[in-house]
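Structure data follow from entry-v5.cif (mmCIF, C-alpha atoms):
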```cif
data_query
#
loop_
_atom_site.label_atom_id
_atom_site.label_comp_id
_atom_site.auth_asym_id
_atom_site.auth_seq_id
_atom_site.Cartn_x
_atom_site.Cartn_y
_atom_site.Cartn_z
CA MET A 1 96.22 141.43 60.55
CA HIS A 2 93.44 141.29 57.96
CA THR A 3 89.89 140.14 58.60
CA VAL A 4 87.82 138.43 55.93
CA VAL A 5 84.20 137.46 56.45
CA PHE A 6 82.88 134.44 54.56
CA THR A 7 79.17 133.88 54.15
CA GLY A 8 77.08 131.12 52.66
CA GLY A 9 75.58 127.86 53.73
CA GLY A 10 72.48 125.81 54.14
CA THR A 11 74.07 122.88 52.27
CA GLY A 12 77.52 121.39 51.98
CA GLY A 13 77.56 122.59 48.37
CA HIS A 14 77.89 126.15 49.65
CA ILE A 15 80.11 125.43 52.65
CA TYR A 16 82.85 123.14 51.36
CA PRO A 17 83.92 125.28 48.37
CA GLY A 18 84.08 128.27 50.71
CA LEU A 19 86.31 126.30 53.06
CA ALA A 20 88.58 125.49 50.14
CA VAL A 21 89.01 129.21 49.45
CA ALA A 22 89.50 130.00 53.14
CA ASP A 23 92.21 127.37 53.33
CA GLU A 24 94.08 128.77 50.34
CA LEU A 25 93.68 132.33 51.62
CA LYS A 26 95.45 131.44 54.85
CA ILE A 27 98.21 129.77 52.82
CA GLN A 28 98.57 132.99 50.80
CA ALA A 29 98.91 134.94 54.05
CA GLU A 30 101.57 132.59 55.42
CA LYS A 31 103.62 132.99 52.23
CA ASN A 32 103.63 136.73 52.84
CA ALA A 33 104.28 136.55 56.58
CA ASP A 34 100.77 137.89 57.09
CA VAL A 35 97.88 136.87 59.33
CA ILE A 36 94.26 136.60 58.24
CA ARG A 37 91.34 136.20 60.62
CA ILE A 38 88.38 134.38 59.06
CA VAL A 39 84.86 134.84 60.39
CA TRP A 40 81.93 132.93 58.90
CA LEU A 41 78.29 134.00 58.80
CA GLY A 42 76.11 130.96 58.14
CA SER A 43 72.65 129.67 58.81
CA SER A 44 71.48 129.47 62.39
CA SER A 45 69.88 126.11 61.54
CA GLY A 46 70.96 123.12 59.49
CA MET A 47 74.44 121.70 59.02
CA ASP A 48 76.36 124.98 59.09
CA ARG A 49 77.11 124.99 62.80
CA ASN A 50 77.96 121.28 62.82
CA ILE A 51 80.57 121.76 60.10
CA LEU A 52 81.88 125.24 60.76
CA GLY A 53 81.70 125.15 64.54
CA GLN A 54 84.37 122.46 64.73
CA LYS A 55 87.79 123.40 66.01
CA THR A 56 89.42 121.53 63.15
CA LEU A 57 87.91 121.01 59.73
CA SER A 58 88.58 117.73 57.97
CA GLY A 59 90.21 118.12 54.60
CA THR A 60 91.50 121.64 55.26
CA HIS A 61 94.23 123.31 57.28
CA THR A 62 91.91 126.12 58.24
CA THR A 63 90.46 126.92 61.60
CA ILE A 64 87.52 129.28 61.37
CA ASP A 65 88.22 132.03 63.89
CA GLY A 66 84.58 132.71 64.52
CA PHE A 67 81.22 131.31 63.38
CA TYR A 68 77.93 133.16 63.71
CA GLY A 69 74.58 131.62 62.86
CA ILE A 70 72.21 134.28 61.54
CA PRO A 71 68.48 134.15 60.73
CA SER A 72 67.83 133.48 57.07
CA GLY A 73 64.87 133.12 54.76
CA ARG A 74 64.34 132.57 51.08
CA PHE A 75 62.22 133.86 48.23
CA ARG A 76 60.17 131.04 46.73
CA ARG A 77 59.11 131.09 43.09
CA TYR A 78 55.63 129.95 44.06
CA PHE A 79 52.95 131.17 46.45
CA SER A 80 53.67 130.28 50.04
CA LEU A 81 52.84 131.92 53.35
CA LYS A 82 56.47 131.26 54.28
CA ASN A 83 57.43 134.00 51.83
CA LEU A 84 55.76 136.46 54.20
CA THR A 85 57.30 135.15 57.41
CA ASP A 86 60.72 134.82 55.77
CA ILE A 87 60.77 138.54 55.05
CA PHE A 88 61.12 139.09 58.79
CA ARG A 89 63.85 136.44 58.99
CA ILE A 90 65.76 138.11 56.15
CA PHE A 91 65.44 141.48 57.89
CA GLY A 92 66.61 139.89 61.14
CA GLY A 93 69.59 138.40 59.32
CA PHE A 94 70.41 141.82 57.90
CA VAL A 95 70.35 143.46 61.35
CA VAL A 96 72.51 140.75 62.92
CA SER A 97 74.93 140.81 59.98
CA PHE A 98 75.21 144.60 60.14
CA PHE A 99 76.31 144.58 63.77
CA ILE A 100 78.72 141.67 63.30
CA LEU A 101 80.35 143.38 60.32
CA PHE A 102 80.43 146.68 62.18
CA LYS A 103 82.16 144.92 65.08
CA TYR A 104 84.84 143.16 63.00
CA LYS A 105 85.25 145.83 60.30
CA PRO A 106 86.46 143.24 57.75
CA ASP A 107 88.64 144.14 54.80
CA LEU A 108 86.27 142.28 52.48
CA LEU A 109 83.41 139.80 52.40
CA PHE A 110 83.38 136.63 50.29
CA SER A 111 80.00 135.07 49.53
CA LYS A 112 79.64 131.44 48.50
CA GLY A 113 75.91 131.71 47.99
CA GLY A 114 72.71 130.35 49.38
CA PHE A 115 70.00 132.59 50.78
CA VAL A 116 71.83 133.00 54.08
CA SER A 117 74.39 135.07 52.15
CA VAL A 118 71.94 137.76 51.03
CA PRO A 119 71.61 139.72 54.31
CA PRO A 120 75.40 139.88 54.92
CA CYS A 121 76.02 141.09 51.36
CA LEU A 122 73.40 143.81 51.77
CA ALA A 123 74.87 144.84 55.11
CA ALA A 124 78.38 144.91 53.62
CA ARG A 125 77.19 147.15 50.83
CA LEU A 126 75.73 149.59 53.34
CA LEU A 127 79.00 149.56 55.31
CA ARG A 128 81.07 149.97 52.10
CA ILE A 129 82.85 146.65 52.60
CA PRO A 130 84.01 145.14 49.28
CA VAL A 131 82.03 142.03 48.31
CA TYR A 132 83.11 139.10 46.16
CA THR A 133 80.38 136.60 45.29
CA HIS A 134 80.92 133.19 43.69
CA GLU A 135 78.38 131.16 41.70
CA CYS A 136 79.10 127.45 41.46
CA ASP A 137 76.23 126.44 39.14
CA PHE A 138 76.03 126.87 35.38
CA THR A 139 73.11 129.29 35.78
CA PRO A 140 73.13 131.86 38.61
CA GLY A 141 70.60 131.45 41.39
CA LEU A 142 68.44 134.23 42.75
CA ALA A 143 70.74 134.77 45.74
CA THR A 144 73.72 135.36 43.44
CA ARG A 145 71.68 137.71 41.26
CA ILE A 146 70.79 139.77 44.33
CA ASN A 147 74.33 139.66 45.71
CA SER A 148 75.80 140.71 42.36
CA ARG A 149 74.36 144.20 42.91
CA SER A 150 76.55 144.56 45.99
CA ALA A 151 79.61 142.85 44.53
CA ARG A 152 82.90 144.33 43.43
CA HIS A 153 83.47 141.13 41.46
CA ILE A 154 81.25 138.22 40.42
CA LEU A 155 83.16 134.95 40.22
CA VAL A 156 81.72 132.16 38.05
CA SER A 157 82.65 128.54 37.43
CA TYR A 158 81.81 128.52 33.71
CA LYS A 159 82.57 131.17 31.10
CA GLU A 160 79.09 130.60 29.65
CA THR A 161 77.51 131.75 32.93
CA ALA A 162 78.43 135.36 32.13
CA ALA A 163 75.63 135.47 29.54
CA PHE A 164 73.02 135.16 32.30
CA PHE A 165 73.98 138.47 33.92
CA SER A 166 73.05 141.94 32.73
CA ALA A 167 75.43 143.93 30.54
CA SER A 168 76.16 146.24 33.48
CA CYS A 169 77.75 143.29 35.33
CA ALA A 170 80.07 142.28 32.46
CA GLU A 171 83.14 144.12 33.75
CA LYS A 172 82.74 142.59 37.21
CA ILE A 173 82.72 138.95 36.06
CA ILE A 174 85.79 136.72 36.43
CA VAL A 175 85.81 133.04 35.39
CA THR A 176 87.50 131.09 38.16
CA GLY A 177 86.14 127.55 38.05
CA ASN A 178 84.56 125.90 41.07
CA PRO A 179 86.75 125.63 44.20
CA VAL A 180 87.46 122.14 45.49
CA ARG A 181 89.21 121.33 48.78
CA SER A 182 92.89 120.52 48.38
CA VAL A 183 92.42 117.08 49.94
CA PHE A 184 90.70 115.95 46.72
CA TYR A 185 93.82 116.78 44.70
CA ASN A 186 95.81 114.51 47.03
CA ALA A 187 93.21 111.80 47.64
CA ASP A 188 94.52 108.27 48.26
CA ALA A 189 92.58 105.45 46.59
CA GLU A 190 94.25 102.82 48.76
CA ALA A 191 93.15 104.67 51.90
CA GLY A 192 89.62 104.67 50.49
CA LEU A 193 89.72 100.92 49.92
CA ARG A 194 90.97 100.34 53.47
CA PHE A 195 88.09 102.41 54.85
CA LEU A 196 85.66 100.32 52.78
CA GLY A 197 87.24 97.05 53.89
CA LEU A 198 88.29 96.16 50.33
CA GLU A 199 91.59 94.88 48.95
CA LYS A 200 92.74 96.11 45.56
CA SER A 201 94.14 92.70 44.60
CA ALA A 202 90.80 91.06 45.33
CA LEU A 203 88.65 93.43 43.22
CA ILE A 204 87.13 91.57 40.29
CA LYS A 205 84.31 94.06 39.61
CA PRO A 206 84.30 97.85 39.17
CA VAL A 207 83.54 99.91 42.27
CA LEU A 208 80.36 101.99 41.88
CA LEU A 209 80.01 104.91 44.28
CA VAL A 210 76.42 106.14 44.69
CA LEU A 211 75.88 109.67 46.00
CA GLY A 212 72.67 111.59 46.62
CA GLY A 213 74.02 114.69 48.31
CA SER A 214 74.53 115.22 52.04
CA SER A 215 70.86 114.43 52.74
CA GLY A 216 70.55 111.50 50.36
CA ALA A 217 68.17 111.30 47.40
CA LYS A 218 64.98 109.24 47.51
CA GLN A 219 64.85 108.79 43.73
CA ILE A 220 68.36 107.37 43.60
CA ASN A 221 67.84 105.30 46.74
CA ASP A 222 64.68 103.77 45.23
CA LEU A 223 66.53 102.86 42.03
CA ILE A 224 69.29 101.20 44.03
CA ARG A 225 66.74 99.26 46.10
CA GLN A 226 64.86 98.11 42.99
CA ASN A 227 68.04 96.95 41.24
CA ILE A 228 70.19 95.80 44.11
CA ASP A 229 70.62 92.21 42.88
CA TRP A 230 71.58 93.28 39.34
CA LEU A 231 73.91 95.98 40.62
CA CYS A 232 75.74 93.65 42.97
CA ALA A 233 76.14 91.09 40.18
CA HIS A 234 78.00 93.67 38.10
CA PHE A 235 79.62 96.08 40.61
CA ILE A 236 80.80 96.54 44.15
CA VAL A 237 78.28 99.15 45.28
CA ILE A 238 79.28 101.82 47.82
CA HIS A 239 76.13 103.76 48.67
CA GLN A 240 75.91 106.98 50.66
CA THR A 241 72.23 106.73 51.52
CA GLY A 242 71.57 109.85 53.59
CA MET A 243 70.94 109.84 57.32
CA ASN A 244 67.25 108.92 57.22
CA ALA A 245 67.19 106.33 54.44
CA ASP A 246 65.91 102.83 55.15
CA ILE A 247 68.05 100.60 52.96
CA ARG A 248 69.19 97.24 54.28
CA GLN A 249 72.10 95.16 53.11
CA ASP A 250 69.97 92.02 52.73
CA GLY A 251 72.99 89.72 52.67
CA GLN A 252 74.57 91.24 49.56
CA ILE A 253 78.32 91.07 50.11
CA ASN A 254 78.92 93.53 47.25
CA TYR A 255 76.68 96.21 48.77
CA LYS A 256 78.07 98.58 51.37
CA PRO A 257 75.64 101.31 52.55
CA TYR A 258 76.78 104.28 54.62
CA PRO A 259 74.44 106.98 55.99
CA PHE A 260 77.10 109.65 55.40
CA ILE A 261 80.80 109.64 54.54
CA TYR A 262 82.61 112.78 55.65
CA ALA A 263 86.36 112.83 56.25
CA GLU A 264 86.99 109.74 54.15
CA MET A 265 84.95 110.85 51.11
CA PRO A 266 87.91 112.13 49.00
CA HIS A 267 89.68 108.78 49.41
CA VAL A 268 86.50 106.76 48.82
CA MET A 269 85.83 108.76 45.66
CA ALA A 270 89.40 108.17 44.51
CA ALA A 271 88.87 104.42 44.98
CA ALA A 272 85.69 104.37 42.86
CA ASP A 273 85.65 103.38 39.19
CA ILE A 274 82.27 105.03 38.44
CA VAL A 275 80.14 107.56 40.32
CA LEU A 276 76.34 107.62 40.19
CA SER A 277 75.16 110.94 41.54
CA ARG A 278 72.91 113.95 41.51
CA ALA A 279 74.37 116.91 39.64
CA GLY A 280 75.14 119.39 42.39
CA ALA A 281 78.09 121.56 41.40
CA ASN A 282 80.22 120.60 44.38
CA SER A 283 80.09 116.83 43.82
CA LEU A 284 80.53 117.26 40.06
CA TRP A 285 83.76 119.21 40.38
CA GLU A 286 85.14 116.92 43.09
CA CYS A 287 84.55 113.99 40.73
CA ALA A 288 86.11 115.93 37.86
CA VAL A 289 89.27 116.61 39.88
CA LEU A 290 89.56 112.87 40.46
CA ALA A 291 88.66 112.05 36.82
CA LYS A 292 85.69 109.83 37.60
CA PRO A 293 83.25 108.63 34.92
CA LEU A 294 79.81 109.92 35.86
CA VAL A 295 76.22 108.75 35.56
CA LEU A 296 74.08 111.68 36.62
CA ILE A 297 70.44 111.84 37.70
CA PRO A 298 69.90 115.58 38.20
CA LEU A 299 67.28 116.85 40.61
CA CYS A 300 64.37 118.24 38.63
CA GLY A 301 60.74 119.18 39.10
CA SER A 302 58.82 121.91 40.91
CA GLY A 303 61.16 121.95 43.91
CA THR A 304 64.20 123.09 41.93
CA ARG A 305 65.11 125.90 39.52
CA GLY A 306 66.74 123.45 37.12
CA ASP A 307 70.35 124.21 38.05
CA GLN A 308 71.31 120.54 38.29
CA ILE A 309 69.92 119.87 34.81
CA ASP A 310 72.10 122.67 33.44
CA ASN A 311 75.15 121.38 35.31
CA ALA A 312 74.58 117.84 34.04
CA ARG A 313 74.06 119.02 30.47
CA PHE A 314 77.41 120.85 30.53
CA PHE A 315 79.23 117.65 31.54
CA ALA A 316 77.26 115.49 29.09
CA GLU A 317 78.00 117.80 26.14
CA ARG A 318 81.70 117.36 26.88
CA HIS A 319 81.37 113.56 27.05
CA ALA A 320 82.31 113.57 30.73
CA ALA A 321 78.99 112.15 31.97
CA SER A 322 75.97 110.11 30.95
CA VAL A 323 72.72 111.73 32.09
CA LEU A 324 69.25 110.44 32.95
CA THR A 325 66.80 113.31 33.34
CA GLY A 326 63.23 113.16 34.63
CA ASP A 327 61.27 110.23 33.17
CA GLU A 328 64.47 108.80 31.67
CA ALA A 329 65.59 107.72 35.15
CA THR A 330 64.12 104.20 35.02
CA SER A 331 65.61 100.91 36.12
CA GLY A 332 66.04 99.78 32.52
CA ASN A 333 67.81 102.96 31.43
CA LEU A 334 70.01 102.96 34.53
CA ARG A 335 71.20 99.44 33.76
CA LYS A 336 71.92 100.33 30.13
CA ARG A 337 74.01 103.36 31.14
CA LEU A 338 75.94 101.46 33.78
CA GLU A 339 76.63 98.57 31.42
CA ILE A 340 78.62 101.02 29.29
CA PHE A 341 81.01 101.57 32.19
CA GLU A 342 81.69 97.91 32.79
CA ASP A 343 84.11 98.28 29.89
CA SER A 344 87.41 99.72 31.11
CA GLU A 345 88.10 101.56 27.84
CA ASN A 346 84.76 103.40 28.07
CA ARG A 347 85.63 104.36 31.64
CA ARG A 348 89.01 105.63 30.49
CA GLN A 349 87.49 107.85 27.79
CA TYR A 350 84.91 109.39 30.11
CA ALA A 351 87.54 109.86 32.83
CA ALA A 352 89.85 111.67 30.40
CA ALA A 353 87.03 114.01 29.34
CA CYS A 354 86.18 114.69 32.96
CA LYS A 355 89.78 115.42 33.89
CA LYS A 356 90.14 117.82 30.97
CA LEU A 357 87.56 120.11 32.56
CA THR A 358 89.87 120.77 35.53
CA GLU A 359 93.19 121.20 33.75
CA GLY A 360 95.18 124.30 34.61
CA ARG A 361 94.97 126.36 37.76
CA GLN A 362 93.20 125.24 40.91
CA PRO A 363 90.11 127.44 41.37
CA ALA A 364 90.38 127.75 45.17
CA ALA A 365 93.99 128.96 44.92
CA PHE A 366 93.13 131.33 42.07
CA ILE A 367 90.24 132.87 44.02
CA ALA A 368 92.42 133.19 47.12
CA GLU A 369 95.03 135.05 45.04
CA LEU A 370 92.37 137.48 43.84
CA LEU A 371 91.21 138.13 47.38
CA TYR A 372 94.70 138.53 48.76
CA LYS A 373 95.66 141.01 46.03
CA ASP A 374 92.70 143.12 47.13
CA LEU A 375 93.78 142.84 50.78
CA ALA A 376 97.29 143.92 49.78
CA GLY A 377 95.94 146.96 47.95
CA ASP A 378 96.59 145.53 44.49
CA ARG A 379 93.03 145.95 43.27
CA ILE A 380 91.96 143.98 40.21
#
```
Now, as a test, write the supplied structure out as structure tokens.
Amino acid sequence: MHTVVFTGGGTGGHIYPGLAVADELKIQAEKNADVIRIVWLGSSSGMDRNILGQKTLSGTHTTIDGFYGIPSGRFRRYFSLKNLTDIFRIFGGFVVSFFILFKYKPDLLFSKGGFVSVPPCLAARLLRIPVYTHECDFTPGLATRINSRSARHILVSYKETAAFFSASCAEKIIVTGNPVRSVFYNADAEAGLRFLGLEKSALIKPVLLVLGGSSGAKQINDLIRQNIDWLCAHFIVIHQTGMNADIRQDGQINYKPYPFIYAEMPHVMAAADIVLSRAGANSLWECAVLAKPLVLIPLCGSGTRGDQIDNARFFAERHAASVLTGDEATSGNLRKRLEIFEDSENRRQYAAACKKLTEGRQPAAFIAELLYKDLAGDRI
């Protein structure tokens, strides 16, 4: 039996791609009459325990054999007293990770990113455990840059991302794409419509799916609220609002708000004609797998390093998305962009460009093959 430790978390964007790889890794083991034990080191707070502590994980075949929440902190790019206190949390996460890794003696560690992944990667380096780290965004975050020093291989979603690493990392970089759970490749649009209470034969307007990430997005929610009458006159609006949003239906029969859509999301996304979203890597590549025309409002400003802007630009340059950045994200501009997608031929062209980005191998399966080769002694 082999043991592989996965680390990463803090947001679904770090957890779900990791689960996709874990799922494919267990499939690889089954093909070879092998057994792999998967242990996950995630954040001791936030959604990690809620998702990874479940006995069964929706959208995957994988059962995580053990989940450990560890202390984690982050390095902020601005002055904050939390930078001082988080040093102790990072050190605590390192100590806890060291003893967990020493206990399990894993064959390798796979990092999906986020600051919770830094202490386990450092501990693995000290224990001489091979590390693979994956970056989902177009530009690598600070956590990935730190983890790359411990990594045997650096896996990236875009070939252009390699240019952001030092020359000494060049031989360690492998372009894999961004892993997406297998359920998205087999999503059922009719199941999505049933969940939404819609009948395909009765649809006379395009279905617009609005996403703001697992926690919602105030900017997007405000735009929906300000334009709800216009939107419902042109689309059937499915809106994932976030758990704490205060958006009421106000009698609009074409407006369906949901605080959070979990297990049904692949099918709901498959049923949509257009997706209005932030530009987190996870949601982008899920939409790309399902060939969905995109209108993107990337998160920007002092609270972000600009990764969503870079992600959105990549899709826009390939005519797979229309983007509203910063001050461009006004009600008038949003209506103009969405009007483009009322035309079915425009939707078809954007969908084809989006689908083209995911042609070829499935990233989760490809990454799992790389990991399993290492487990089998066939080092890359």
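Evaluated on this file, the PyMOL selection byres ((chain A and resi 238) around 7) matches Leu208, Leu209, Val210, Ile236, Val237, His239, Gln240, Tyr255, Lys256 and Pro257 of chain A.
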Point-to-point distance in Å for atom CA of Asn147 of chain A and atom CA of Ile87 of chain A: 16.5 Å
May I have the residues within 7 Å of Ala270 of chain A as a ChimeraX atom specification, using all atoms listed in the file and disregarding those fewer than 3 positions away in the same chain? /A:187-189,192,266-267,290
Preceding selection exported with C-alpha atoms as a CSV table (one decimal), keeping the file's coordinate frame:
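Written file, out.csv:
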```csv
chain,number,residue,atom,x,y,z
A,187,ALA,CA,93.2,111.8,47.6
A,188,ASP,CA,94.5,108.3,48.3
A,189,ALA,CA,92.6,105.4,46.6
A,192,GLY,CA,89.6,104.7,50.5
A,266,PRO,CA,87.9,112.1,49.0
A,267,HIS,CA,89.7,108.8,49.4
A,290,LEU,CA,89.6,112.9,40.5
```
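Taking atom CA of Asn311 of chain A as the reference point, atom CA of Tyr258 of chain A is found at 25.8 Å.
Distance-wise, atom CA of Leu370 of chain A and atom CA of Ala163 of chain A end up 22.1 Å apart.
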Here's the selection I'm unsure about, the PyMOL selection byres ((chain A and resi 193-206) around 6); applied to the file above, which residues does it give, as a VMD selection string? chain A and resid 190 to 192 207 235 273
Please write the residues picked by the PyMOL selection byres ((chain A and resi 107) around 8) on this file as number ranges by chain. A: 2-4, 105-106, 108-109, 129-130, 375
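Look at Pro140 of chain A: the protein and nucleic acid residues within 12 Å of it, using only C-alpha atoms and passing over chain neighbours fewer than 6 places away, are A:Lys112, A:Gly113, A:Gly114, A:Thr133, A:His134, A:Ile146, A:Asn147, A:Ser148, A:Ile154, A:Leu155, A:Val156, A:Ser157, A:Tyr158, A:Glu160, A:Thr161, A:Ala162, A:Ala163, A:Phe164, A:Phe165, A:Ser166, A:Ala281, A:Arg305, A:Gly306, A:Asp307, A:Gln308, A:Asp310, A:Asn311.
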Using only C-alpha atoms for the distances, tell me which of A:Glu286, A:Glu135, A:Glu30, A:Asp222 is nearest to Lys355 of chain A. A:Glu286
Could you give me, as number ranges by chain, the residues that have an atom at most 8 Å away from the point (72.1, 128.9, 61.1) in the coordinates of the file, using only C-alpha atoms? A: 10, 42-49, 68-72
At a cut-off of 7 Å around the point (74.3, 147.7, 48.4) (file coordinates), what residues fall inside when counting all atoms listed in the file? I'd like the answer as an MDAnalysis selection string. chainID A and resid 122 125:126 149:150
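Residues in contact with Arg181 of chain A at up to 10 Å, not including ones fewer than 5 positions away on its chain and judged by all atoms listed in the file, are Tyr16, Pro17, Gly18, Leu19, Ala20, Val21, Ala22, Asp23, Glu24, Ser58, Gly59, Thr60, Asn186, Pro266, Glu286, Gln362, Pro363, Ala364 and Ala365 of chain A.
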Within 7 Å of segment 325-345 of chain A: each segment 263-302 of chain A residue with its shortest pair, all atoms listed in the file, as a Markdown table:
```
| residue | atom | partner | partner_atom | distance |
| --- | --- | --- | --- | --- |
| A:Ile297 | CA | A:Thr325 | CA | 5.9 |
| A:Pro298 | CA | A:Thr325 | CA | 6.2 |
| A:Cys300 | CA | A:Gly326 | CA | 6.6 |
```
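Of the residues under consideration (A:Leu296, A:Leu52, A:Ala217, A:Ala288), A:Leu52 shows the shortest atom-to-atom contact distance to Asp65 of chain A when counting only C-alpha atoms.
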Please supply segment 310-324 of chain A, rebuilt with N, CA, C and O atoms, as a PDB file, keeping the file's coordinate frame.
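Final output, saved to result-v5.pdb:
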```
ATOM      1  N   ASP A 310      71.114 121.886  34.199  1.00  0.00           N
ATOM      2  CA  ASP A 310      72.100 122.670  33.440  1.00  0.00           C
ATOM      3  C   ASP A 310      73.516 122.181  33.709  1.00  0.00           C
ATOM      4  O   ASP A 310      74.332 122.073  32.785  1.00  0.00           O
ATOM      5  N   ASN A 311      73.828 121.904  34.970  1.00  0.00           N
ATOM      6  CA  ASN A 311      75.150 121.380  35.310  1.00  0.00           C
ATOM      7  C   ASN A 311      75.421 120.066  34.599  1.00  0.00           C
ATOM      8  O   ASN A 311      76.490 119.851  34.019  1.00  0.00           O
ATOM      9  N   ALA A 312      74.428 119.164  34.652  1.00  0.00           N
ATOM     10  CA  ALA A 312      74.580 117.840  34.040  1.00  0.00           C
ATOM     11  C   ALA A 312      74.744 117.957  32.531  1.00  0.00           C
ATOM     12  O   ALA A 312      75.561 117.241  31.923  1.00  0.00           O
ATOM     13  N   ARG A 313      73.977 118.849  31.914  1.00  0.00           N
ATOM     14  CA  ARG A 313      74.060 119.020  30.470  1.00  0.00           C
ATOM     15  C   ARG A 313      75.466 119.471  30.053  1.00  0.00           C
ATOM     16  O   ARG A 313      76.009 119.009  29.046  1.00  0.00           O
ATOM     17  N   PHE A 314      76.056 120.374  30.834  1.00  0.00           N
ATOM     18  CA  PHE A 314      77.410 120.850  30.530  1.00  0.00           C
ATOM     19  C   PHE A 314      78.389 119.680  30.499  1.00  0.00           C
ATOM     20  O   PHE A 314      79.207 119.561  29.569  1.00  0.00           O
ATOM     21  N   PHE A 315      78.319 118.792  31.485  1.00  0.00           N
ATOM     22  CA  PHE A 315      79.230 117.650  31.540  1.00  0.00           C
ATOM     23  C   PHE A 315      78.922 116.651  30.428  1.00  0.00           C
ATOM     24  O   PHE A 315      79.847 116.081  29.827  1.00  0.00           O
ATOM     25  N   ALA A 316      77.643 116.445  30.136  1.00  0.00           N
ATOM     26  CA  ALA A 316      77.260 115.490  29.090  1.00  0.00           C
ATOM     27  C   ALA A 316      77.733 115.968  27.716  1.00  0.00           C
ATOM     28  O   ALA A 316      78.206 115.166  26.897  1.00  0.00           O
ATOM     29  N   GLU A 317      77.598 117.257  27.446  1.00  0.00           N
ATOM     30  CA  GLU A 317      78.000 117.800  26.140  1.00  0.00           C
ATOM     31  C   GLU A 317      79.500 117.666  25.917  1.00  0.00           C
ATOM     32  O   GLU A 317      79.962 117.684  24.765  1.00  0.00           O
ATOM     33  N   ARG A 318      80.247 117.520  26.991  1.00  0.00           N
ATOM     34  CA  ARG A 318      81.700 117.360  26.880  1.00  0.00           C
ATOM     35  C   ARG A 318      82.112 115.905  27.069  1.00  0.00           C
ATOM     36  O   ARG A 318      83.285 115.612  27.306  1.00  0.00           O
ATOM     37  N   HIS A 319      81.134 115.000  26.987  1.00  0.00           N
ATOM     38  CA  HIS A 319      81.370 113.560  27.050  1.00  0.00           C
ATOM     39  C   HIS A 319      82.044 113.134  28.355  1.00  0.00           C
ATOM     40  O   HIS A 319      82.802 112.166  28.391  1.00  0.00           O
ATOM     41  N   ALA A 320      81.760 113.888  29.413  1.00  0.00           N
ATOM     42  CA  ALA A 320      82.310 113.570  30.730  1.00  0.00           C
ATOM     43  C   ALA A 320      81.283 112.864  31.618  1.00  0.00           C
ATOM     44  O   ALA A 320      81.630 112.399  32.704  1.00  0.00           O
ATOM     45  N   ALA A 321      80.035 112.776  31.162  1.00  0.00           N
ATOM     46  CA  ALA A 321      78.990 112.150  31.970  1.00  0.00           C
ATOM     47  C   ALA A 321      77.884 111.632  31.066  1.00  0.00           C
ATOM     48  O   ALA A 321      77.648 112.147  29.970  1.00  0.00           O
ATOM     49  N   SER A 322      77.202 110.599  31.564  1.00  0.00           N
ATOM     50  CA  SER A 322      75.970 110.110  30.950  1.00  0.00           C
ATOM     51  C   SER A 322      74.828 110.535  31.860  1.00  0.00           C
ATOM     52  O   SER A 322      74.920 110.386  33.084  1.00  0.00           O
ATOM     53  N   VAL A 323      73.763 111.082  31.286  1.00  0.00           N
ATOM     54  CA  VAL A 323      72.720 111.730  32.090  1.00  0.00           C
ATOM     55  C   VAL A 323      71.360 111.088  31.872  1.00  0.00           C
ATOM     56  O   VAL A 323      70.969 110.796  30.725  1.00  0.00           O
ATOM     57  N   LEU A 324      70.638 110.893  32.965  1.00  0.00           N
ATOM     58  CA  LEU A 324      69.250 110.440  32.950  1.00  0.00           C
ATOM     59  C   LEU A 324      68.412 111.526  33.609  1.00  0.00           C
ATOM     60  O   LEU A 324      68.536 111.759  34.804  1.00  0.00           O
TER      61      LEU A 324
END
```
